[in-house]
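Here the structure comes first, spelled out in structure tokens, and everything after it is commentary.
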Amino acid sequence: MPKKFILKILTAGEGGVGKTTLLHRYVEGRFSADTRMTIGVEFFLKEVNIDSLHCTLQLWDFGGQERFRFLLESYVLGAKGALLMFDLTRPITLENLDQWVKLVRKNDPNLPILFLGTKNDLENELMVNDEYALSFKDEFGFFDYLRISSKSGENVAKAFDMLTKKILEGQTY
């Protein structure tokens, strides 16, 4: 009987970086350009098999607006990993990374975080280069960095696979 894991994964980052759009793309396989602002937290589920292990991913979509942030502290308990996202076309979405890291690592200072630059399909509007993004990876101890596009699907499944494998490395069987 294969071992089953239930993994709570957080998606965090400023409003409008594409958290909800990413989750719709990953869970439902479709791009939704007209997602609404997430108020508080939304919740998605995805069943995956990684290295012959069955995992249920509980994907927690954190609202990015500052006025909802106080709600989020109670939702981080039990998290096994996080995707911390910023918009490659809006450098301002990098300004509060320290707050997001503090929030998602509130109960686990070693929580694995994958750093994601979103909207990579907007080639003519990209304003954050990899070198700059990687400086945050080092500063905050993110285990990796990846550019994604929910519109094209580029690296979407890869991001979740990388994070899930990282989480499973730390699990006892």
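Starting from 1 in every chain, residues are counted up; chains themselves are A, B, ... following the order of the structure tokens, and ligands are numbered from 1 as listed.
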Residues of stretch 31-87 of chain A within 7 Å of stretch 109-118 of chain A: nearest atom pair and distance (Å, one decimal) for each, counting only C-alpha atoms, sorted by chain and number, as CSV?
residue,atom,partner,partner_atom,distance
A:Lys80,CA,A:Leu111,CA,6.5
A:Gly81,CA,A:Pro112,CA,5.0
A:Ala82,CA,A:Ile113,CA,4.8
A:Leu83,CA,A:Leu114,CA,5.0
A:Leu84,CA,A:Phe115,CA,5.0
A:Met85,CA,A:Leu116,CA,4.7
A:Phe86,CA,A:Gly117,CA,5.2
A:Asp87,CA,A:Thr118,CA,4.9
Take the residues from that selection and write them out as a PDB file, in the first residue's frame, keeping C-alpha atoms.
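In the end it all went to again_17.pdb:
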ATOM      1  CA  LYS A  80       4.798  22.222   4.843  1.00  0.00           C
ATOM      2  CA  GLY A  81       5.958  24.682   2.168  1.00  0.00           C
ATOM      3  CA  ALA A  82       5.194  27.920   0.364  1.00  0.00           C
ATOM      4  CA  LEU A  83       5.320  29.559  -3.030  1.00  0.00           C
ATOM      5  CA  LEU A  84       6.290  33.201  -2.590  1.00  0.00           C
ATOM      6  CA  MET A  85       5.418  35.104  -5.731  1.00  0.00           C
ATOM      7  CA  PHE A  86       6.240  38.463  -7.276  1.00  0.00           C
ATOM      8  CA  ASP A  87       5.330  40.051 -10.606  1.00  0.00           C
TER       9      ASP A  87
END
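Using only C-alpha atoms, the protein and nucleic acid residues lying no more than 9 Å from A:Leu88, apart from those fewer than 5 places from it along its own chain, are Val17, Thr93, Gly117, Thr118, Lys119, Asn120, Leu122, Glu125, Leu126, Met127, Val128, Asn129 and Arg147 of chain A.
From atom CA of A:Leu168 back to atom CA of A:Tyr75, the distance works out to 21.0 Å.
For A:Glu73, the residues within 12 Å (counting only C-alpha atoms, excluding itself and residues fewer than 3 positions away along the chain) are A:Leu10, A:Ala12, A:Gly40, A:Val41, A:Phe62, A:Gly63, A:Phe68, A:Arg69, A:Phe70, A:Val76, A:Leu77, A:Gly78, A:Ala79, A:Gln99, A:Trp100, A:Val101, A:Lys102, A:Leu103, A:Val104, A:Arg105, A:Lys106, A:Asn107.
Considering only C-alpha atoms, the residue among A:Ile6, A:Ile148, A:Leu72, A:Leu134 positioned nearest to A:Cys55 is A:Ile6.
With only C-alpha atoms as the atoms that count, the residue of A:Asn96, A:Asn49, A:Ser150, A:Thr35 with the shortest distance to A:Lys165 is A:Asn49.
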Practice item. If you run DSSP over the backbone, which residues in stretch 18-128 of chain A end up helix (DSSP H, G or I)? Put them as an NGL selection string. Key: :A and (19-28 or 66-75 or 91-94 or 97-104 or 123-125)
Practice item. Write out as JSON, numbers by chain which residues come within 9 Å of A:Ser32 when counting only C-alpha atoms, dropping same-chain ones fewer than 6 positions away. Key: {"A": [20, 21, 22, 24, 25, 150, 151]}
For those residues, write N, CA and C atoms to a file as a PDB file, in the first residue's frame.
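The resulting result.pdb:
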ATOM      1  N   THR A  20      -3.905  33.434  -7.474  1.00  0.00           N
ATOM      2  CA  THR A  20      -5.144  32.727  -7.803  1.00  0.00           C
ATOM      3  C   THR A  20      -5.093  32.183  -9.225  1.00  0.00           C
ATOM      4  N   THR A  21      -4.573  32.966 -10.143  1.00  0.00           N
ATOM      5  CA  THR A  21      -4.460  32.533 -11.539  1.00  0.00           C
ATOM      6  C   THR A  21      -3.565  31.306 -11.652  1.00  0.00           C
ATOM      7  N   LEU A  22      -2.460  31.294 -10.902  1.00  0.00           N
ATOM      8  CA  LEU A  22      -1.562  30.136 -10.887  1.00  0.00           C
ATOM      9  C   LEU A  22      -2.305  28.891 -10.403  1.00  0.00           C
ATOM     10  N   HIS A  24      -5.557  28.245 -10.403  1.00  0.00           N
ATOM     11  CA  HIS A  24      -6.534  27.798 -11.399  1.00  0.00           C
ATOM     12  C   HIS A  24      -5.834  27.044 -12.535  1.00  0.00           C
ATOM     13  N   ARG A  25      -4.706  27.561 -12.984  1.00  0.00           N
ATOM     14  CA  ARG A  25      -3.947  26.912 -14.073  1.00  0.00           C
ATOM     15  C   ARG A  25      -3.488  25.522 -13.631  1.00  0.00           C
ATOM     16  N   SER A 150       1.399  31.695 -15.864  1.00  0.00           N
ATOM     17  CA  SER A 150       0.127  30.989 -15.754  1.00  0.00           C
ATOM     18  C   SER A 150      -0.618  31.033 -17.085  1.00  0.00           C
ATOM     19  N   LYS A 151      -0.353  32.056 -17.881  1.00  0.00           N
ATOM     20  CA  LYS A 151      -1.028  32.182 -19.173  1.00  0.00           C
ATOM     21  C   LYS A 151      -0.575  31.085 -20.134  1.00  0.00           C
TER      22      LYS A 151
END
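Nearest-residue note for A:Ser135: choosing from A:Gly170, A:Leu94, A:Phe160, A:Phe31, the minimum distance belongs to A:Leu94, counting only C-alpha atoms.
You will find atom CA of A:Glu154 at 21.7 Å from atom CA of A:Asp51.
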Point to revise | strand (DSSP E or B) call set, DSSP backbone run, chain A, as a PyMOL selection string | key: chain A and resi 4-12+41-50+53-62+81-87+113-118+144-147
Emit the selected residues as a PDB file, in the first residue's frame, including C-alpha atoms.
ATOM      1  CA  LYS A   4      -0.139   8.903   1.334  1.00  0.00           C
ATOM      2  CA  PHE A   5       0.796  12.420   2.289  1.00  0.00           C
ATOM      3  CA  ILE A   6      -1.390  15.457   2.845  1.00  0.00           C
ATOM      4  CA  LEU A   7       0.716  18.561   2.302  1.00  0.00           C
ATOM      5  CA  LYS A   8      -0.424  22.053   3.159  1.00  0.00           C
ATOM      6  CA  ILE A   9       1.143  24.540   0.744  1.00  0.00           C
ATOM      7  CA  LEU A  10       0.776  28.313   0.986  1.00  0.00           C
ATOM      8  CA  THR A  11       0.806  30.772  -1.902  1.00  0.00           C
ATOM      9  CA  ALA A  12       1.840  34.228  -0.788  1.00  0.00           C
ATOM     10  CA  VAL A  41      -7.995  32.835   2.006  1.00  0.00           C
ATOM     11  CA  GLU A  42      -9.211  30.491  -0.709  1.00  0.00           C
ATOM     12  CA  PHE A  43      -8.544  26.796  -0.843  1.00  0.00           C
ATOM     13  CA  PHE A  44      -7.727  24.331  -3.657  1.00  0.00           C
ATOM     14  CA  LEU A  45      -6.963  20.588  -3.672  1.00  0.00           C
ATOM     15  CA  LYS A  46      -4.799  18.630  -6.112  1.00  0.00           C
ATOM     16  CA  GLU A  47      -3.909  14.929  -6.082  1.00  0.00           C
ATOM     17  CA  VAL A  48      -0.412  14.154  -7.384  1.00  0.00           C
ATOM     18  CA  ASN A  49       2.028  11.257  -7.497  1.00  0.00           C
ATOM     19  CA  ILE A  50       5.650  12.195  -6.919  1.00  0.00           C
ATOM     20  CA  LEU A  53       4.220   8.640  -3.396  1.00  0.00           C
ATOM     21  CA  HIS A  54       0.597   9.738  -3.412  1.00  0.00           C
ATOM     22  CA  CYS A  55       0.144  13.325  -2.209  1.00  0.00           C
ATOM     23  CA  THR A  56      -2.890  15.452  -1.639  1.00  0.00           C
ATOM     24  CA  LEU A  57      -1.828  19.062  -1.963  1.00  0.00           C
ATOM     25  CA  GLN A  58      -3.897  21.476   0.089  1.00  0.00           C
ATOM     26  CA  LEU A  59      -3.232  24.762  -1.679  1.00  0.00           C
ATOM     27  CA  TRP A  60      -3.955  27.850   0.384  1.00  0.00           C
ATOM     28  CA  ASP A  61      -4.396  31.027  -1.638  1.00  0.00           C
ATOM     29  CA  PHE A  62      -3.595  34.009   0.575  1.00  0.00           C
ATOM     30  CA  GLY A  81       5.958  24.682   2.168  1.00  0.00           C
ATOM     31  CA  ALA A  82       5.194  27.920   0.364  1.00  0.00           C
ATOM     32  CA  LEU A  83       5.320  29.559  -3.030  1.00  0.00           C
ATOM     33  CA  LEU A  84       6.290  33.201  -2.590  1.00  0.00           C
ATOM     34  CA  MET A  85       5.418  35.104  -5.731  1.00  0.00           C
ATOM     35  CA  PHE A  86       6.240  38.463  -7.276  1.00  0.00           C
ATOM     36  CA  ASP A  87       5.330  40.051 -10.606  1.00  0.00           C
ATOM     37  CA  ILE A 113       9.938  28.475   0.111  1.00  0.00           C
ATOM     38  CA  LEU A 114      10.133  28.453  -3.676  1.00  0.00           C
ATOM     39  CA  PHE A 115      10.496  31.983  -5.056  1.00  0.00           C
ATOM     40  CA  LEU A 116       8.444  32.557  -8.207  1.00  0.00           C
ATOM     41  CA  GLY A 117       8.600  35.397 -10.718  1.00  0.00           C
ATOM     42  CA  THR A 118       5.210  35.535 -12.456  1.00  0.00           C
ATOM     43  CA  ASP A 144      15.136  27.920  -5.422  1.00  0.00           C
ATOM     44  CA  TYR A 145      13.884  30.524  -7.896  1.00  0.00           C
ATOM     45  CA  LEU A 146      11.824  30.028 -11.038  1.00  0.00           C
ATOM     46  CA  ARG A 147      10.105  32.193 -13.654  1.00  0.00           C
TER      47      ARG A 147
END
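You will find atom CA of A:Asn124 at 9.0 Å from atom CA of A:Thr89.
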